[in-house]
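Coordinates as given in model_36.pdb (PDB, C-alpha atoms):
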```pdb
ATOM      1  CA  MET A   1      32.725 -22.744  18.839
ATOM      2  CA  SER A   2      30.335 -23.031  15.911
ATOM      3  CA  GLY A   3      27.146 -24.895  15.178
ATOM      4  CA  ARG A   4      26.366 -27.115  12.219
ATOM      5  CA  ARG A   5      27.790 -26.022   8.896
ATOM      6  CA  LYS A   6      25.445 -27.547   6.340
ATOM      7  CA  CYS A   7      25.365 -24.228   4.503
ATOM      8  CA  GLY A   8      29.146 -23.732   4.633
ATOM      9  CA  VAL A   9      28.710 -20.811   7.051
ATOM     10  CA  PRO A  10      30.244 -20.882  10.556
ATOM     11  CA  LEU A  11      27.197 -20.638  12.800
ATOM     12  CA  PRO A  12      27.261 -19.015  16.269
ATOM     13  CA  VAL A  13      26.749 -21.216  19.316
ATOM     14  CA  GLY A  14      23.145 -22.407  19.487
ATOM     15  CA  MET A  15      22.278 -21.569  15.859
ATOM     16  CA  GLN A  16      21.551 -24.503  13.582
ATOM     17  CA  GLN A  17      20.245 -24.996  10.082
ATOM     18  CA  LYS A  18      17.707 -27.525   8.916
ATOM     19  CA  HIS A  19      15.165 -27.739   6.110
ATOM     20  CA  GLY A  20      16.624 -24.639   4.498
ATOM     21  CA  ALA A  21      16.059 -22.359   7.521
ATOM     22  CA  PHE A  22      18.041 -21.193  10.558
ATOM     23  CA  TYR A  23      16.976 -21.923  14.147
ATOM     24  CA  PHE A  24      18.163 -21.124  17.671
ATOM     25  CA  LEU A  25      18.289 -24.291  19.741
ATOM     26  CA  SER A  26      17.814 -23.857  23.486
ATOM     27  CA  ARG A  27      16.424 -25.873  26.384
ATOM     28  CA  VAL A  28      13.347 -24.957  28.398
ATOM     29  CA  ASP A  29      12.462 -27.181  31.374
ATOM     30  CA  GLY A  30      14.835 -29.802  30.025
ATOM     31  CA  LYS A  31      13.184 -29.895  26.600
ATOM     32  CA  LYS A  32      14.621 -28.703  23.321
ATOM     33  CA  LYS A  33      13.122 -25.505  21.938
ATOM     34  CA  TRP A  34      13.625 -24.559  18.288
ATOM     35  CA  THR A  35      13.160 -20.851  17.595
ATOM     36  CA  HIS A  36      12.831 -20.020  13.914
ATOM     37  CA  LEU A  37      15.230 -17.239  12.885
ATOM     38  CA  GLY A  38      14.545 -17.064   9.159
ATOM     39  CA  ARG A  39      15.691 -18.579   5.877
ATOM     40  CA  GLU A  40      18.167 -15.818   4.976
ATOM     41  CA  TYR A  41      21.431 -15.829   6.931
ATOM     42  CA  GLY A  42      21.729 -12.067   7.441
ATOM     43  CA  VAL A  43      18.229 -11.823   8.902
ATOM     44  CA  ALA A  44      18.817 -14.917  11.036
ATOM     45  CA  LEU A  45      22.101 -13.507  12.354
ATOM     46  CA  GLN A  46      20.429 -10.267  13.406
ATOM     47  CA  ARG A  47      17.558 -12.090  15.145
ATOM     48  CA  TYR A  48      20.054 -14.411  16.838
ATOM     49  CA  GLY A  49      21.905 -11.418  18.264
ATOM     50  CA  GLU A  50      18.663  -9.900  19.543
ATOM     51  CA  LEU A  51      17.638 -13.223  21.091
ATOM     52  CA  VAL A  52      20.839 -14.083  22.938
ATOM     53  CA  GLY A  53      21.690 -10.475  23.746
ATOM     54  CA  ILE A  54      25.227 -10.197  22.363
ATOM     55  CA  LYS A  55      27.126  -7.653  24.424
ATOM     56  CA  PRO A  56      29.375  -5.365  22.369
ATOM     57  CA  GLU A  57      32.101  -5.435  25.000
ATOM     58  CA  LYS A  58      32.210  -9.241  24.765
ATOM     59  CA  THR A  59      32.482  -9.302  21.002
ATOM     60  CA  GLN A  60      35.482 -11.409  19.971
ATOM     61  CA  THR A  61      34.872 -12.742  16.470
ATOM     62  CA  VAL A  62      33.991 -11.007  13.239
ATOM     63  CA  GLY A  63      30.736 -12.978  13.132
ATOM     64  CA  GLU A  64      29.690 -11.676  16.553
ATOM     65  CA  ALA A  65      30.699  -8.134  15.585
ATOM     66  CA  MET A  66      28.605  -8.281  12.411
ATOM     67  CA  ALA A  67      25.593  -9.583  14.331
ATOM     68  CA  ASN A  68      25.934  -6.785  16.875
ATOM     69  CA  HIS A  69      26.318  -4.141  14.162
ATOM     70  CA  LEU A  70      23.184  -5.344  12.379
ATOM     71  CA  ILE A  71      21.236  -4.905  15.605
ATOM     72  CA  LEU A  72      22.617  -1.412  16.271
ATOM     73  CA  SER A  73      22.022  -0.251  12.699
ATOM     74  CA  SER A  74      18.481  -1.597  12.275
ATOM     75  CA  SER A  75      16.816   1.456  13.846
ATOM     76  CA  LYS A  76      19.105   4.019  12.218
ATOM     77  CA  LEU A  77      19.444   3.019   8.584
ATOM     78  CA  SER A  78      16.999   2.604   5.712
ATOM     79  CA  ALA A  79      15.449  -0.733   4.812
ATOM     80  CA  ASP A  80      17.474  -0.851   1.584
ATOM     81  CA  THR A  81      20.758  -0.260   3.415
ATOM     82  CA  MET A  82      19.937  -2.892   6.030
ATOM     83  CA  ALA A  83      19.055  -5.413   3.323
ATOM     84  CA  GLY A  84      22.444  -4.757   1.739
ATOM     85  CA  TYR A  85      24.189  -5.136   5.090
ATOM     86  CA  ARG A  86      22.516  -8.495   5.714
ATOM     87  CA  GLN A  87      23.561  -9.721   2.278
ATOM     88  CA  SER A  88      27.136  -8.632   2.979
ATOM     89  CA  ALA A  89      27.092 -10.437   6.328
ATOM     90  CA  ARG A  90      25.934 -13.607   4.592
ATOM     91  CA  ARG A  91      28.788 -13.429   2.078
ATOM     92  CA  LEU A  92      31.443 -12.463   4.634
ATOM     93  CA  ALA A  93      30.537 -15.045   7.279
ATOM     94  CA  PRO A  94      32.042 -18.132   5.583
ATOM     95  CA  VAL A  95      35.337 -16.299   5.089
ATOM     96  CA  PHE A  96      35.762 -14.132   8.188
ATOM     97  CA  GLY A  97      32.990 -15.075  10.616
ATOM     98  CA  HIS A  98      35.103 -17.458  12.709
ATOM     99  CA  MET A  99      38.156 -15.156  12.861
ATOM    100  CA  ALA A 100      39.099 -13.017  15.829
ATOM    101  CA  LEU A 101      38.796  -9.306  15.127
ATOM    102  CA  SER A 102      42.524  -8.797  15.577
ATOM    103  CA  ASP A 103      43.412 -11.607  13.158
ATOM    104  CA  VAL A 104      41.927  -9.960  10.070
ATOM    105  CA  LYS A 105      44.621  -8.152   8.113
ATOM    106  CA  ARG A 106      44.619  -5.857   5.095
ATOM    107  CA  ALA A 107      46.007  -8.720   3.001
ATOM    108  CA  HIS A 108      42.892 -10.778   3.819
ATOM    109  CA  ILE A 109      40.612  -7.978   2.612
ATOM    110  CA  TYR A 110      42.643  -7.520  -0.565
ATOM    111  CA  ARG A 111      42.495 -11.257  -1.291
ATOM    112  CA  TYR A 112      38.727 -11.277  -0.724
ATOM    113  CA  LEU A 113      38.234  -8.353  -3.117
ATOM    114  CA  THR A 114      40.385  -9.775  -5.881
ATOM    115  CA  GLN A 115      39.106 -13.345  -5.623
ATOM    116  CA  ARG A 116      35.455 -12.272  -5.802
ATOM    117  CA  GLY A 117      36.264  -9.560  -8.311
ATOM    118  CA  ASP A 118      32.763  -8.076  -8.330
ATOM    119  CA  VAL A 119      30.849  -5.048  -7.120
ATOM    120  CA  ALA A 120      29.343  -7.047  -4.240
ATOM    121  CA  ALA A 121      32.828  -7.422  -2.767
ATOM    122  CA  ASN A 122      33.155  -3.625  -2.665
ATOM    123  CA  ARG A 123      29.896  -3.444  -0.719
ATOM    124  CA  ASP A 124      31.080  -6.175   1.651
ATOM    125  CA  ARG A 125      34.302  -4.291   2.337
ATOM    126  CA  ALA A 126      32.320  -1.130   3.133
ATOM    127  CA  PHE A 127      30.091  -3.034   5.572
ATOM    128  CA  LEU A 128      33.037  -4.702   7.299
ATOM    129  CA  SER A 129      34.785  -1.331   7.533
ATOM    130  CA  ALA A 130      31.682   0.137   9.195
ATOM    131  CA  VAL A 131      31.710  -2.726  11.723
ATOM    132  CA  TYR A 132      35.345  -2.082  12.668
ATOM    133  CA  THR A 133      34.918   1.710  12.716
ATOM    134  CA  HIS A 134      32.045   1.440  15.192
ATOM    135  CA  LEU A 135      33.996  -0.857  17.504
ATOM    136  CA  ILE A 136      37.064   1.406  17.419
ATOM    137  CA  ASN A 137      35.071   4.596  18.032
ATOM    138  CA  ALA A 138      33.201   2.935  20.902
ATOM    139  CA  GLY A 139      36.464   1.812  22.502
ATOM    140  CA  MET A 140      35.609  -1.882  22.129
ATOM    141  CA  PHE A 141      38.508  -2.713  19.816
ATOM    142  CA  GLU A 142      42.010  -1.292  20.110
ATOM    143  CA  GLY A 143      43.404  -2.599  16.835
ATOM    144  CA  ILE A 144      43.282  -1.051  13.375
ATOM    145  CA  ASN A 145      40.576  -1.213  10.760
ATOM    146  CA  PRO A 146      41.942  -3.686   8.172
ATOM    147  CA  CYS A 147      39.758  -2.122   5.470
ATOM    148  CA  HIS A 148      41.372   1.310   5.777
ATOM    149  CA  GLY A 149      44.265   2.356   3.599
ATOM    150  CA  LEU A 150      43.574  -0.278   0.953
ATOM    151  CA  ARG A 151      43.660   1.623  -2.325
ATOM    152  CA  TYR A 152      41.873  -0.956  -4.383
ATOM    153  CA  ARG A 153      38.295  -1.611  -5.373
ATOM    154  CA  ASN A 154      36.750  -3.690  -8.107
ATOM    155  CA  PRO A 155      35.622  -1.674 -11.140
ATOM    156  CA  GLU A 156      31.924  -0.829 -11.146
ATOM    157  CA  ILE A 157      30.269  -0.723 -14.546
ATOM    158  CA  PRO A 158      26.804   0.900 -14.449
ATOM    159  CA  ARG A 159      24.019  -1.535 -15.291
ATOM    160  CA  GLN A 160      22.486  -0.572 -18.620
ATOM    161  CA  ARG A 161      19.640  -3.085 -18.835
ATOM    162  CA  TYR A 162      16.688  -1.391 -20.525
ATOM    163  CA  LEU A 163      13.308  -3.009 -20.017
ATOM    164  CA  SER A 164      11.522  -2.574 -23.336
ATOM    165  CA  ASP A 165       7.850  -1.655 -23.659
ATOM    166  CA  ALA A 166       7.048  -5.156 -24.896
ATOM    167  CA  GLU A 167       8.886  -6.751 -21.967
ATOM    168  CA  PHE A 168       7.152  -4.489 -19.462
ATOM    169  CA  GLU A 169       3.732  -5.300 -20.916
ATOM    170  CA  LYS A 170       4.594  -8.992 -20.726
ATOM    171  CA  LEU A 171       5.708  -8.555 -17.117
ATOM    172  CA  VAL A 172       2.553  -6.738 -16.047
ATOM    173  CA  ALA A 173       0.378  -9.365 -17.736
ATOM    174  CA  ALA A 174       2.228 -12.313 -16.218
ATOM    175  CA  LEU A 175       2.385 -11.124 -12.607
ATOM    176  CA  PRO A 176      -0.462 -11.735 -10.129
ATOM    177  CA  ARG A 177      -2.791  -8.768  -9.620
ATOM    178  CA  LYS A 178      -1.062  -7.115  -6.660
ATOM    179  CA  LEU A 179       2.468  -7.452  -8.057
ATOM    180  CA  SER A 180       1.203  -6.216 -11.407
ATOM    181  CA  LEU A 181      -0.220  -3.089  -9.774
ATOM    182  CA  MET A 182       3.043  -2.580  -7.886
ATOM    183  CA  ALA A 183       4.992  -2.763 -11.148
ATOM    184  CA  ARG A 184       2.702  -0.253 -12.857
ATOM    185  CA  TRP A 185       2.840   2.083  -9.848
ATOM    186  CA  SER A 186       6.630   1.911  -9.691
ATOM    187  CA  TYR A 187       6.962   2.676 -13.398
ATOM    188  CA  LEU A 188       4.556   5.613 -13.383
ATOM    189  CA  THR A 189       6.032   7.270 -10.291
ATOM    190  CA  GLY A 190       9.684   6.199 -10.437
ATOM    191  CA  MET A 191       9.544   5.445  -6.710
ATOM    192  CA  ARG A 192      12.217   3.462  -4.990
ATOM    193  CA  GLU A 193      11.118   0.037  -3.852
ATOM    194  CA  SER A 194      11.121   1.018  -0.163
ATOM    195  CA  ASN A 195       8.913   4.052  -0.800
ATOM    196  CA  MET A 196       6.479   1.966  -2.812
ATOM    197  CA  LEU A 197       6.178  -0.567   0.014
ATOM    198  CA  ARG A 198       5.559   2.224   2.568
ATOM    199  CA  MET A 199       2.824   4.030   0.630
ATOM    200  CA  LYS A 200      -0.351   4.587   2.648
ATOM    201  CA  LEU A 201      -3.859   5.476   1.516
ATOM    202  CA  SER A 202      -3.643   8.581   3.688
ATOM    203  CA  ASP A 203      -0.799   9.850   1.450
ATOM    204  CA  ALA A 204      -3.314  10.752  -1.255
ATOM    205  CA  SER A 205      -4.954  14.140  -1.719
ATOM    206  CA  ILE A 206      -6.845  15.982  -4.412
ATOM    207  CA  ALA A 207      -3.562  17.194  -5.893
ATOM    208  CA  GLY A 208      -1.851  13.788  -5.983
ATOM    209  CA  VAL A 209       0.239  11.525  -3.766
ATOM    210  CA  THR A 210       2.830  12.898  -1.341
ATOM    211  CA  TYR A 211       5.720  10.843  -0.044
ATOM    212  CA  THR A 212       9.147  11.417   1.464
ATOM    213  CA  PRO A 213      12.011   9.675  -0.359
ATOM    214  CA  ILE A 214      13.999   7.207   1.703
ATOM    215  CA  LYS A 215      17.221   8.923   0.694
ATOM    216  CA  GLY A 216      17.975  12.609   1.177
ATOM    217  CA  ARG A 217      20.092  14.627  -1.223
ATOM    218  CA  LYS A 218      23.804  14.765  -0.359
ATOM    219  CA  GLY A 219      23.237  13.875   3.277
ATOM    220  CA  LYS A 220      20.464  16.449   3.771
ATOM    221  CA  PRO A 221      17.041  15.475   5.154
ATOM    222  CA  ALA A 222      14.760  14.263   2.386
ATOM    223  CA  LYS A 223      12.001  16.638   1.299
ATOM    224  CA  PRO A 224       8.475  15.435   0.505
ATOM    225  CA  LEU A 225       7.564  14.966  -3.156
ATOM    226  CA  LEU A 226       4.124  15.404  -4.669
ATOM    227  CA  VAL A 227       3.327  13.127  -7.590
ATOM    228  CA  GLU A 228       0.453  14.661  -9.511
ATOM    229  CA  TRP A 229      -2.458  12.552 -10.630
ATOM    230  CA  THR A 230      -2.755  11.223 -14.154
ATOM    231  CA  ASP A 231      -5.619   9.090 -15.382
ATOM    232  CA  GLU A 232      -3.492   5.954 -15.361
ATOM    233  CA  LEU A 233      -1.969   6.626 -11.938
ATOM    234  CA  ARG A 234      -5.422   7.248 -10.452
ATOM    235  CA  GLU A 235      -6.642   4.023 -12.041
ATOM    236  CA  VAL A 236      -3.845   2.003 -10.393
ATOM    237  CA  TRP A 237      -4.500   3.726  -7.047
ATOM    238  CA  LYS A 238      -8.223   3.000  -7.102
ATOM    239  CA  GLU A 239      -7.710  -0.629  -8.045
ATOM    240  CA  ALA A 240      -5.128  -1.130  -5.285
ATOM    241  CA  ALA A 241      -7.077   0.782  -2.619
ATOM    242  CA  GLY A 242     -10.499  -0.716  -3.268
ATOM    243  CA  ILE A 243     -12.915   0.404  -0.565
ATOM    244  CA  ARG A 244     -10.256   0.750   2.139
ATOM    245  CA  ILE A 245      -9.499   4.112   3.753
ATOM    246  CA  GLY A 246      -7.149   5.502   6.392
ATOM    247  CA  ALA A 247      -3.449   5.213   7.175
ATOM    248  CA  VAL A 248      -3.163   1.664   5.866
ATOM    249  CA  PRO A 249      -0.720   0.324   3.252
ATOM    250  CA  LEU A 250      -1.585   0.824  -0.401
ATOM    251  CA  PHE A 251      -0.124  -2.634  -1.066
ATOM    252  CA  PRO A 252      -0.758  -4.679   2.108
ATOM    253  CA  THR A 253       0.174  -8.233   3.011
ATOM    254  CA  ALA A 254      -2.553 -10.776   3.759
ATOM    255  CA  ASN A 255      -2.431  -9.531   7.376
ATOM    256  CA  GLY A 256      -2.923  -5.904   6.336
ATOM    257  CA  THR A 257       0.633  -4.869   7.222
ATOM    258  CA  PRO A 258       3.290  -3.369   4.921
ATOM    259  CA  TYR A 259       5.657  -5.731   3.159
ATOM    260  CA  SER A 260       9.211  -5.778   4.435
ATOM    261  CA  ARG A 261      11.838  -5.557   1.730
ATOM    262  CA  ASP A 262      12.922  -9.135   2.395
ATOM    263  CA  SER A 263       9.415 -10.578   2.182
ATOM    264  CA  PHE A 264       8.654  -8.585  -0.973
ATOM    265  CA  GLN A 265      11.898  -9.676  -2.635
ATOM    266  CA  SER A 266      11.189 -13.288  -1.713
ATOM    267  CA  ILE A 267       7.833 -13.128  -3.504
ATOM    268  CA  TRP A 268       9.243 -11.196  -6.450
ATOM    269  CA  GLN A 269      12.130 -13.629  -6.956
ATOM    270  CA  ARG A 270       9.741 -16.574  -7.133
ATOM    271  CA  TRP A 271       7.665 -14.899  -9.825
ATOM    272  CA  ARG A 272      10.665 -13.518 -11.695
ATOM    273  CA  LYS A 273      11.900 -17.054 -12.286
ATOM    274  CA  LYS A 274       8.536 -18.023 -13.769
ATOM    275  CA  ILE A 275       8.556 -15.192 -16.306
ATOM    276  CA  ALA A 276      10.629 -15.718 -19.438
ATOM    277  CA  ILE A 277      12.280 -12.288 -19.414
ATOM    278  CA  PRO A 278      16.090 -12.555 -19.275
ATOM    279  CA  ASP A 279      18.284 -10.685 -16.796
ATOM    280  CA  LEU A 280      15.346  -9.056 -15.015
ATOM    281  CA  ARG A 281      15.483  -7.153 -11.724
ATOM    282  CA  TRP A 282      12.802  -5.122  -9.981
ATOM    283  CA  HIS A 283      15.067  -2.072 -10.037
ATOM    284  CA  ASP A 284      15.000  -2.237 -13.844
ATOM    285  CA  ILE A 285      11.486  -0.779 -13.639
ATOM    286  CA  ARG A 286      12.840   2.381 -12.010
ATOM    287  CA  ARG A 287      15.558   2.541 -14.665
ATOM    288  CA  LYS A 288      12.859   2.297 -17.329
ATOM    289  CA  THR A 289      11.084   5.257 -15.740
ATOM    290  CA  GLY A 290      14.241   7.343 -15.991
ATOM    291  CA  SER A 291      15.014   6.134 -19.494
ATOM    292  CA  ASP A 292      11.499   6.841 -20.786
ATOM    293  CA  SER A 293      11.449  10.378 -19.351
ATOM    294  CA  ALA A 294      11.596  13.105 -21.989
ATOM    295  CA  SER A 295      14.937  14.552 -20.870
ATOM    296  CA  ASP A 296      17.808  14.089 -18.427
ATOM    297  CA  ALA A 297      16.471  16.959 -16.323
ATOM    298  CA  GLU A 298      12.978  15.475 -16.184
ATOM    299  CA  ALA A 299      14.353  12.055 -15.243
ATOM    300  CA  THR A 300      16.528  13.571 -12.507
ATOM    301  CA  GLU A 301      13.549  15.389 -11.029
ATOM    302  CA  ARG A 302      11.210  12.412 -11.237
ATOM    303  CA  LEU A 303      13.729  10.037  -9.646
ATOM    304  CA  ASP A 304      14.711  12.650  -7.029
ATOM    305  CA  HIS A 305      18.448  12.582  -7.675
ATOM    306  CA  ALA A 306      20.748  15.288  -6.321
ATOM    307  CA  ASP A 307      22.066  16.036  -9.810
ATOM    308  CA  GLY A 308      22.058  14.569 -13.263
ATOM    309  CA  ALA A 309      25.328  12.635 -12.991
ATOM    310  CA  VAL A 310      23.779   9.572 -11.331
ATOM    311  CA  THR A 311      20.751   9.776 -13.607
ATOM    312  CA  LYS A 312      22.800   9.840 -16.793
ATOM    313  CA  ALA A 313      25.143   7.083 -15.663
ATOM    314  CA  HIS A 314      22.580   4.612 -14.321
ATOM    315  CA  TYR A 315      19.060   5.542 -15.422
ATOM    316  CA  ARG A 316      19.244   6.672 -19.056
ATOM    317  CA  ALA A 317      19.629   3.261 -20.683
ATOM    318  CA  LYS A 318      17.186   3.522 -23.577
ATOM    319  CA  PRO A 319      18.966   2.793 -26.885
ATOM    320  CA  LYS A 320      19.481   5.881 -29.025
ATOM    321  CA  GLN A 321      17.667   5.913 -32.313
ATOM    322  CA  VAL A 322      19.610   6.878 -35.421
ATOM    323  CA  LYS A 323      18.686   6.935 -39.073
ATOM    324  CA  PRO A 324      20.701   4.940 -41.591
ATOM    325  CA  LEU A 325      22.966   6.739 -44.004
ATOM    326  CA  ARG A 326      20.564   5.918 -46.865
TER     327      ARG A 326
END
```
The structure in this file should be written as structure tokens.
Amino acid sequence: MSGRRKCGVPLPVGMQQKHGAFYFLSRVDGKKKWTHLGREYGVALQRYGELVGIKPEKTQTVGEAMANHLILSSSKLSADTMAGYRQSARRLAPVFGHMALSDVKRAHIYRYLTQRGDVAANRDRAFLSAVYTHLINAGMFEGINPCHGLRYRNPEIPRQRYLSDAEFEKLVAALPRKLSLMARWSYLTGMRESNMLRMKLSDASIAGVTYTPIKGRKGKPAKPLLVEWTDELREVWKEAAGIRIGAVPLFPTANGTPYSRDSFQSIWQRWRKKIAIPDLRWHDIRRKTGSDSASDAEATERLDHADGAVTKAHYRAKPKQVKPLR
């Protein structure tokens, strides 16, 4: 049984959508109670699961399995990975959410991949495979993983968008003060978005700023990195920190807490649409850092990649300069 489908997504029992947001409708003392779950389906699905207490052993539909997996993964995986999982759940729900786990076949996955035909579909398949793998390993599903054995994936062409110096200056000037400082900080350090959001004032020392990358190298625990001070980096730090001290966020919300990835992206997307820079993503700032580094080796070190292959393929997008024949 599903709730309202204004958004085209089969909603679990008790979840409804109105005014662009998702709610859990229950009754307390005979009166209706609307509990706000969020505006983004993946986040709402996870909160719904936490609220109603979905039991893994009672999981019957793909939608319920995805909700349960989001809950289980939230304390184990990085913020970036969880954000990707929630996006995949949102895309998969209209297609598979209402289906029984045993009804999904390899042919369905193949059709989904080929009809979407994009990189996002590859990510969705990986998420759905993780959901099935967990259920099988835990003994909660005795069927087969429909994602396994499918030797097909949509081609992935590395994004080569290079944010020029003029575009970056325009971006920094157009953004509000805090977002502008975040953009400058991200460019100077090459930090991943999640690391930037987690920076604390207590991470600074005389030598520079120390942080631990969200991702480790080749499955190994991540090692702390020290970013040495430069005049410009110190200037951004001082302006962002103000007179605050202690283990508090470098870039806090109005309540003094760190931004979640979802809340930060919500703010960024609103401002991105106001700025007349085509095909712009926040991650393009990190690519600019890699591209503007003096060499492949320097870019690899600054971006904390395991080797230069990823750096060269995805983060060295600056156009080569050549001289004319005459």
Neighbours of Ala83 in chain A within 10 Å (all atoms listed in the file; same-chain residues fewer than 3 positions away dropped), as a PyMOL selection string?
chain A and resi 42-43+70+74+77-80+86-89+260-262
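What separates CA of Val119 in chain A from CA of Thr133 in chain A is a distance of 21.3 Å.
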Mind pulling up the distance from CA of Phe24 in chain A to CA of His36 in chain A?
6.6 Å
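For the atom pair formed by CA of Val172 in chain A and CA of Ser293 in chain A, the distance is 19.6 Å, given to one decimal.
Against the coordinates shown, the PyMOL selection byres ((chain A and resi 156) around 8) returns Asp118, Val119, Asn154, Pro155, Ile157 and Pro158 of chain A.
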Extract, using only C-alpha atoms, all DNA, RNA and protein residues at most 9 Å from Leu92 in chain A, discarding same-chain residues fewer than 3 positions from it, and format them as a PyMOL selection string.
chain A and resi 63+87-89+95-97+124-125+128
As AutoDock Vina command-line options: centre and edge lengths in Å, one decimal, of the axis-aligned box holding range 249-261 of chain A with 5 Å per side:
```
--center_x 4.5 --center_y -5.0 --center_z 3.2 --size_x 24.8 --size_y 21.6 --size_z 18.4
```
Mind listing as a PyMOL selection string all residues within 10 Å of (14.5, -20.2, 15.9), counting only C-alpha atoms?
chain A and resi 14-17+21-26+33-38+44+47-48+51
